[in-house]
Amino acid sequence: MRSTWVSLSFSSAGRINILMNDAMLSIKDLQVNRGHQTVLQVDALDIHQGEVLAIIGPNGAGKSTLLLVLARLLQPLTGQLYFRGTPIEQENELAYRRRIALVLQEPLLLHQSVFDNVTTGLKFRGLSRGEIKNRTNQWLEHLEISHLADRPAHRLSGGEAQRTSLARAFALQPELLLLDEPFSALDTPTRTRLLQDLHILLAQTGITTVFITHDLDEALFLGDRVAVMLGGLLRQVGEPQDVFTAPTDAEVAAFVGVETVISGRVISVHDGQVTVDANGVKLEAVGDTSVGKSVLFCLRPEDVTLSITTGSHITSARNRLSGRIIQITPSGPLARLVVDCGVPIVSLITRGSANEMKLVEGMEIIVTFKATSVHLISR
Amino acid sequence: MFTDVFEVTLLSLQVSLIATGVSLFIGLPLGTWLALSQLRGRRFILSLINTGMSLPPVVVGLFVAIMLWRSGPLGSLSLIYTPIAIIVAQTIIAAPVVTGLTASALQQLDPRLRLQLQGLGASTIQMVISMWREARLPLLAALMAGFGSVISEVGASMMVGGNIRHQTRVLTTAIVLETGKGEFQNAIGLSILLLILAYAVNLGLTLIQQRGTH
């Protein structure tokens with residue numbers, strides 16, 4: 001899934017390690033200008049076989065522009081796109097676009113029946129009638145819209161229309177799926193259900209996906225890797241846990257907000273009180289989940305309090321862990337601390353408190369936070 | 001008299017349908033290109049086309065007459081006072097109408113539809129055909145407007161056709177002639193015929209246009 005180290009043996013030269021970059025799609029030295037203004041600049045981005053890359057950023061960060069470049073629907077000022085190592089030029093552009101599929105925020109269905117809409121891309125590819133019918137029926141069923149097959153597309157609800165749009169893309173059996181905020185126009189319950197269904201379909205098909213969103217929960221829920229985009233620049237790309245616990249800079253940290261993200265497994269649920277095992281550390285949370293589920297345990301740094309007293313100390317906070325300060329970063333009037341309690345926990349306190357407590361890196365400390373401050377995301 | 005009327009009606013229909021057909025042949029691709037291209041001078045060309053939509057037929061008639069006049073640049077073709085001359089003039093009248101309305105029909109579609117179609121693997125031609133289908137209502141309206149502008153036109157037909165009996169007399173020129181002679185009954189009869197003809201063609205196009213709409 002990710003870059004793989006391959007060891008090659010040579011009898012005379014000994015062992016040589018080669019980093020085999022198995023990027024399915026990569027882009028280098030990308031720049032997009034609008035007028036004289038640079039709206040997008042990406043030095044390098046690799047998308048690997050089978051992964052879901054979630055690109056998050058606020059509105060106007062250049063996410064959609066990047067997606068259009070990846071779909072080769074927008075010609076950048078500079079930058080070369082490689083698909084499985086082959087540069088995409090004008091001559092092989094159409095062939096490339098027939099190996100991928102694009103889903104936009106608006107479903108943009110044609111004035112036809114749902115069935116005919118799902119056949120759109122299959123017809124472009126000149127597949128046989130039988131094949132078109134089979135695949136269309138199959139994907140109508142997977143997206144639970146078989147009963148809508150004959151309905152005119154303009155009589156669908158928002159959720160049904162987006163399901164049709166997804167079926168239209170999945171039916172193409174693309175090697176790469178590009179999704180541009182597909183759920184942002186939907187109401188919350190519809191969005192939640194579609195997100196779960198999409199998660200299952202992506203897991204079942206293993207289709208490499210780029211998913212654009214401005215919603216952190218969606219990114220964490222779907223993404224194997226998360227890329228943070230701010231002001232037309234890719235500021236950080238990494239595993240969700242890394243992006244959230246170790247933001248490269250204050251802006252990314254401010255955007256992601258939640259700094260502690262720990263992956264773990266639910267070991268008990270009692271009256272809505274959840275115990276999560278993360279790397280051997282037992283953590284308490286409140287939420288609606290079930291035992292055995294793998295979850296992301298998210299915590300905002302301002303919800304974490306620190307104390308140096310080791311004696312018993314009455315508090316309503318359910319989580320009380322001891323750890324060692326591994327990093328202190330001043331950030332304006334605040335200090336950001338990373339405490340290793342078996343799992344890394346980020347805390348934000350005033351610099352005044354940090355000075356009073358004489359906090360230094362390497363020091364032992366008690367970390368407390370309420371179970372209600374924790375945000376659990378099921379994976 | 002009856003064969004004369006039949007002859008005139010048939011010629012009217014033939015000439016105007018051919019002129020509309022040629023206009024469609026020119027206007028559909030040209031209008032599509034104007035709507036979809038990102039050419040710098042696109043707006044200027046569109047403004048010219050839109051002006052062309054209100055070209056006075058007599059001005060077109062004058063221009064075509066000068067070109068086709070025996071001593072004119074295309075005089076050697078001997079086309080003046082033939083049905084072909086009328087078709088040429090009517091095409092010049094209808095083509096801007098079809099072009100301008102085609103461009104506006106396609107510009108009314110969501111601009112992202114084009115990206116979506118290409119993102120599903122459409123070639124340029126497949127994309128254009130899908131967009132035509134999507135805009136078929138306003139496109140057929142463009143065709144009806146083109147036909148309407150020529151079936152009812154009299155100035156150019158008179159000037160380049162000459163209203164010659166058995167050769168270039170069409171319904172509109174015949175009505176002018178009969179009215180000039182004071183033969184109002186004949187003129188009214190021909191007018192009703194013209195209206196029926198216009199209605200029949202537009203009814204056909206409307207049925208095609210409204211097929212599959214709800």
# chains A, B, ... in the order shown; residues from 1 in each chain; ligands from 1
call {"tool": "residues_around", "arguments": {"residues": "region 161-169 of chain B", "least_positions_apart": "5", "cutoff": "8 Å", "atoms": "only C-alpha atoms", "output": "number ranges by chain"}}
result
B: 4, 7-8, 11, 80-83, 85-86, 156, 174
call {"tool": "write_last_selection", "arguments": {"atoms": "C-alpha atoms", "output": "short mmCIF file (atom, residue, chain, number, x, y, z; two decimals), in the first residue's frame"}}
result
data_model
loop_
_atom_site.label_atom_id
_atom_site.label_comp_id
_atom_site.auth_asym_id
_atom_site.auth_seq_id
_atom_site.Cartn_x
_atom_site.Cartn_y
_atom_site.Cartn_z
CA ASP B 4 -50.11 27.02 -59.07
CA GLU B 7 -46.33 24.63 -56.69
CA VAL B 8 -45.80 27.85 -54.74
CA LEU B 11 -41.32 25.66 -53.28
CA ILE B 80 -29.73 35.26 -59.60
CA TYR B 81 -33.51 34.71 -59.84
CA THR B 82 -33.21 31.00 -59.08
CA PRO B 83 -34.44 29.06 -56.01
CA ALA B 85 -30.37 32.34 -54.75
CA ILE B 86 -33.31 32.38 -52.32
CA ALA B 156 -34.79 38.83 -49.77
CA ALA B 174 -47.18 35.59 -54.01
#
call {"tool": "closest_atom_pairs", "arguments": {"of": "chain A", "to": "chain B", "cutoff": "6 Å", "atoms": "only C-alpha atoms", "output": "CSV"}}
result
residue,atom,partner,partner_atom,distance
A:Arg97,CA,B:Gly121,CA,5.1
A:Arg98,CA,B:Gly121,CA,4.6
A:Ala101,CA,B:Leu120,CA,5.4
A:Leu102,CA,B:Gly119,CA,5.0
A:Gly121,CA,B:Leu120,CA,5.0
A:Phe124,CA,B:Ala122,CA,5.4
call {"tool": "write_last_selection", "arguments": {"atoms": "C-alpha atoms", "output": "PDB file, in the first residue's frame"}}
result
ATOM      1  CA  ARG A  97      -9.433   9.556 -18.130  1.00  0.00           C
ATOM      2  CA  ARG A  98     -11.048   6.254 -19.073  1.00  0.00           C
ATOM      3  CA  ALA A 101     -13.660   8.269 -12.465  1.00  0.00           C
ATOM      4  CA  LEU A 102     -14.674  11.621 -11.082  1.00  0.00           C
ATOM      5  CA  GLY A 121     -19.423   6.436 -18.666  1.00  0.00           C
ATOM      6  CA  PHE A 124     -18.388   6.420 -23.501  1.00  0.00           C
TER       7      PHE A 124
END
call {"tool": "select_by_dssp", "arguments": {"residues": "region 17-214 of chain B", "states": "helix (DSSP H, G or I)", "output": "PyMOL selection string"}}
result
chain B and resi 17-36+42-52+57-68+75-77+83-107+111-119+124-134+136-151+155-161+171-180+184-210
call {"tool": "residues_around", "arguments": {"residues": "region 220-230 of chain A", "least_positions_apart": "4", "cutoff": "10 Å", "atoms": "only C-alpha atoms", "output": "PyMOL selection string"}}
result
chain A and resi 1-2+40+42+45+47+50-63+66+195-196+198-200+202-203+209-212+214-216+234-244+247+251-252+255-256+261+295-296+377-379
call {"tool": "residues_around", "arguments": {"residues": "Ala89 (chain B)", "least_positions_apart": "2", "cutoff": "7 Å", "atoms": "only C-alpha atoms", "output": "PyMOL selection string"}}
result
chain B and resi 60-61+64+85-87+91-93+156
call {"tool": "write_last_selection", "arguments": {"atoms": "N, CA and C atoms", "output": "short mmCIF file (atom, residue, chain, number, x, y, z; two decimals), in the first residue's frame"}}
result
data_model
loop_
_atom_site.label_atom_id
_atom_site.label_comp_id
_atom_site.auth_asym_id
_atom_site.auth_seq_id
_atom_site.Cartn_x
_atom_site.Cartn_y
_atom_site.Cartn_z
N VAL B 60 -29.95 41.73 -46.47
CA VAL B 60 -29.36 40.48 -46.94
C VAL B 60 -29.67 40.31 -48.43
N GLY B 61 -30.90 40.61 -48.79
CA GLY B 61 -31.32 40.50 -50.19
C GLY B 61 -30.46 41.38 -51.08
N VAL B 64 -26.91 39.84 -51.33
CA VAL B 64 -26.86 38.64 -52.17
C VAL B 64 -27.11 39.01 -53.63
N ALA B 85 -30.66 30.98 -55.25
CA ALA B 85 -30.37 32.34 -54.75
C ALA B 85 -31.20 32.61 -53.49
N ILE B 86 -32.46 32.17 -53.51
CA ILE B 86 -33.31 32.38 -52.32
C ILE B 86 -32.76 31.58 -51.14
N ILE B 87 -32.33 30.34 -51.42
CA ILE B 87 -31.78 29.51 -50.34
C ILE B 87 -30.54 30.17 -49.73
N THR B 91 -30.37 31.35 -45.95
CA THR B 91 -29.36 30.74 -45.07
C THR B 91 -28.61 31.85 -44.32
N ILE B 92 -28.30 32.92 -45.03
CA ILE B 92 -27.60 34.03 -44.38
C ILE B 92 -28.48 34.63 -43.27
N ILE B 93 -29.78 34.58 -43.47
CA ILE B 93 -30.69 35.11 -42.45
C ILE B 93 -30.80 34.15 -41.26
N ALA B 156 -35.92 39.45 -49.08
CA ALA B 156 -34.79 38.83 -49.77
C ALA B 156 -35.28 37.92 -50.90
#
call {"tool": "residues_around", "arguments": {"residues": "region 155-167 of chain A", "least_positions_apart": "6", "cutoff": "10 Å", "atoms": "only C-alpha atoms", "output": "count of residues only"}}
result
44
call {"tool": "residues_around", "arguments": {"residues": "Trp132 (chain B)", "least_positions_apart": "6", "cutoff": "9 Å", "atoms": "only C-alpha atoms", "output": "tab-separated table (two decimals) with C-alpha atoms, in the first residue's frame"}}
result
chain	number	residue	atom	x	y	z
B	32	THR	CA	-21.19	24.91	-29.92
B	105	ALA	CA	-28.53	27.03	-25.14
B	106	LEU	CA	-25.19	25.41	-24.31
B	139	LEU	CA	-31.68	23.65	-29.38
call {"tool": "residues_around", "arguments": {"residues": "region 29-39 of chain A", "least_positions_apart": "4", "cutoff": "9 Å", "atoms": "only C-alpha atoms", "output": "MDAnalysis selection string"}}
result
chainID A and resid 43:44 60:62 65:66 69 74:81 231:233
call {"tool": "decode", "arguments": {"residues": "region 59-190 of chain B", "atoms": "C-alpha atoms", "output": "compact mmCIF listing (two decimals), in the first residue's frame"}}
result
# COMPACT_ATOMS: atom_id res chain seq x y z
CA VAL B 59 -30.28 44.14 -46.49
CA VAL B 60 -29.36 40.48 -46.94
CA GLY B 61 -31.32 40.50 -50.19
CA LEU B 62 -29.43 43.52 -51.42
CA PHE B 63 -26.08 41.98 -50.52
CA VAL B 64 -26.86 38.64 -52.17
CA ALA B 65 -28.30 40.41 -55.24
CA ILE B 66 -25.09 42.42 -55.66
CA MET B 67 -22.97 39.28 -55.34
CA LEU B 68 -25.06 37.20 -57.75
CA TRP B 69 -25.89 39.99 -60.26
CA ARG B 70 -24.81 39.06 -63.76
CA SER B 71 -22.01 41.64 -63.60
CA GLY B 72 -21.28 40.87 -59.93
CA PRO B 73 -18.43 38.82 -58.45
CA LEU B 74 -20.41 35.56 -58.60
CA GLY B 75 -22.42 36.51 -61.69
CA SER B 76 -20.84 33.77 -63.77
CA LEU B 77 -22.71 31.19 -61.70
CA SER B 78 -26.01 32.50 -63.15
CA LEU B 79 -27.79 32.02 -59.85
CA ILE B 80 -29.73 35.26 -59.60
CA TYR B 81 -33.51 34.71 -59.84
CA THR B 82 -33.21 31.00 -59.08
CA PRO B 83 -34.44 29.06 -56.01
CA ILE B 84 -30.77 28.56 -55.06
CA ALA B 85 -30.37 32.34 -54.75
CA ILE B 86 -33.31 32.38 -52.32
CA ILE B 87 -31.78 29.51 -50.34
CA VAL B 88 -28.47 31.39 -50.13
CA ALA B 89 -30.18 34.54 -48.86
CA GLN B 90 -32.36 32.67 -46.39
CA THR B 91 -29.36 30.74 -45.07
CA ILE B 92 -27.60 34.03 -44.38
CA ILE B 93 -30.69 35.11 -42.45
CA ALA B 94 -31.20 31.88 -40.48
CA ALA B 95 -27.61 30.81 -39.74
CA PRO B 96 -26.91 33.58 -37.18
CA VAL B 97 -30.21 32.78 -35.45
CA VAL B 98 -29.35 29.09 -35.13
CA THR B 99 -25.73 29.86 -34.16
CA GLY B 100 -26.58 32.46 -31.53
CA LEU B 101 -29.35 30.42 -29.94
CA THR B 102 -27.20 27.25 -29.97
CA ALA B 103 -24.44 29.10 -28.13
CA SER B 104 -26.86 30.45 -25.55
CA ALA B 105 -28.53 27.03 -25.14
CA LEU B 106 -25.19 25.41 -24.31
CA GLN B 107 -24.03 28.26 -22.11
CA GLN B 108 -27.12 27.74 -19.97
CA LEU B 109 -25.90 24.28 -18.98
CA ASP B 110 -23.93 23.94 -15.75
CA PRO B 111 -20.32 24.70 -16.72
CA ARG B 112 -19.17 21.81 -14.54
CA LEU B 113 -21.26 19.34 -16.57
CA ARG B 114 -18.52 19.40 -19.16
CA LEU B 115 -15.90 18.50 -16.55
CA GLN B 116 -18.15 15.78 -15.17
CA LEU B 117 -18.66 14.22 -18.62
CA GLN B 118 -14.95 14.32 -19.37
CA GLY B 119 -14.27 12.97 -15.90
CA LEU B 120 -16.41 9.97 -16.83
CA GLY B 121 -14.26 9.37 -19.90
CA ALA B 122 -16.08 11.27 -22.65
CA SER B 123 -14.12 12.15 -25.78
CA THR B 124 -14.71 15.66 -27.10
CA ILE B 125 -17.35 14.42 -29.55
CA GLN B 126 -19.10 12.30 -26.91
CA MET B 127 -19.10 15.28 -24.57
CA VAL B 128 -20.61 17.58 -27.22
CA ILE B 129 -23.30 15.04 -28.15
CA SER B 130 -24.21 14.55 -24.48
CA MET B 131 -24.47 18.30 -24.06
CA TRP B 132 -26.66 18.64 -27.16
CA ARG B 133 -28.97 15.99 -25.77
CA GLU B 134 -29.04 17.76 -22.45
CA ALA B 135 -29.89 21.07 -24.17
CA ARG B 136 -32.25 19.58 -26.73
CA LEU B 137 -35.19 21.78 -25.71
CA PRO B 138 -33.50 25.12 -26.36
CA LEU B 139 -31.68 23.65 -29.38
CA LEU B 140 -34.94 22.68 -31.05
CA ALA B 141 -36.24 26.12 -30.14
CA ALA B 142 -33.21 27.50 -32.01
CA LEU B 143 -34.16 25.42 -35.03
CA MET B 144 -37.77 26.63 -34.88
CA ALA B 145 -36.63 30.23 -34.63
CA GLY B 146 -34.37 29.70 -37.65
CA PHE B 147 -37.20 28.21 -39.69
CA GLY B 148 -39.56 30.93 -38.54
CA SER B 149 -37.20 33.65 -39.66
CA VAL B 150 -37.08 32.34 -43.25
CA ILE B 151 -40.56 30.93 -43.94
CA SER B 152 -42.03 34.35 -43.17
CA GLU B 153 -39.37 36.36 -44.94
CA VAL B 154 -40.32 38.26 -48.10
CA GLY B 155 -37.78 40.98 -48.88
CA ALA B 156 -34.79 38.83 -49.77
CA SER B 157 -36.89 36.26 -51.65
CA MET B 158 -38.34 39.02 -53.77
CA MET B 159 -34.99 40.67 -54.49
CA VAL B 160 -32.91 37.61 -55.34
CA GLY B 161 -35.71 35.29 -56.51
CA GLY B 162 -37.64 37.81 -58.52
CA ASN B 163 -41.07 36.26 -57.86
CA ILE B 164 -41.03 34.52 -61.25
CA ARG B 165 -44.08 32.37 -61.83
CA HIS B 166 -43.31 28.62 -61.99
CA GLN B 167 -39.72 29.31 -61.00
CA THR B 168 -39.13 31.41 -57.90
CA ARG B 169 -42.56 32.38 -56.64
CA VAL B 170 -42.97 31.46 -52.99
CA LEU B 171 -45.93 31.99 -50.64
CA THR B 172 -44.75 35.31 -49.24
CA THR B 173 -43.90 36.87 -52.59
CA ALA B 174 -47.18 35.59 -54.01
CA ILE B 175 -49.07 37.27 -51.15
CA VAL B 176 -47.33 40.57 -51.90
CA LEU B 177 -48.24 40.24 -55.56
CA GLU B 178 -51.89 39.36 -54.94
CA THR B 179 -52.26 42.20 -52.44
CA GLY B 180 -50.70 44.61 -54.93
CA LYS B 181 -53.26 43.54 -57.50
CA GLY B 182 -56.06 44.09 -55.00
CA GLU B 183 -56.88 40.35 -55.03
CA PHE B 184 -57.39 40.21 -51.28
CA GLN B 185 -59.24 36.89 -51.33
CA ASN B 186 -56.27 35.18 -52.94
CA ALA B 187 -53.87 36.96 -50.60
CA ILE B 188 -55.86 35.86 -47.54
CA GLY B 189 -56.04 32.29 -48.82
CA LEU B 190 -52.29 32.16 -49.33
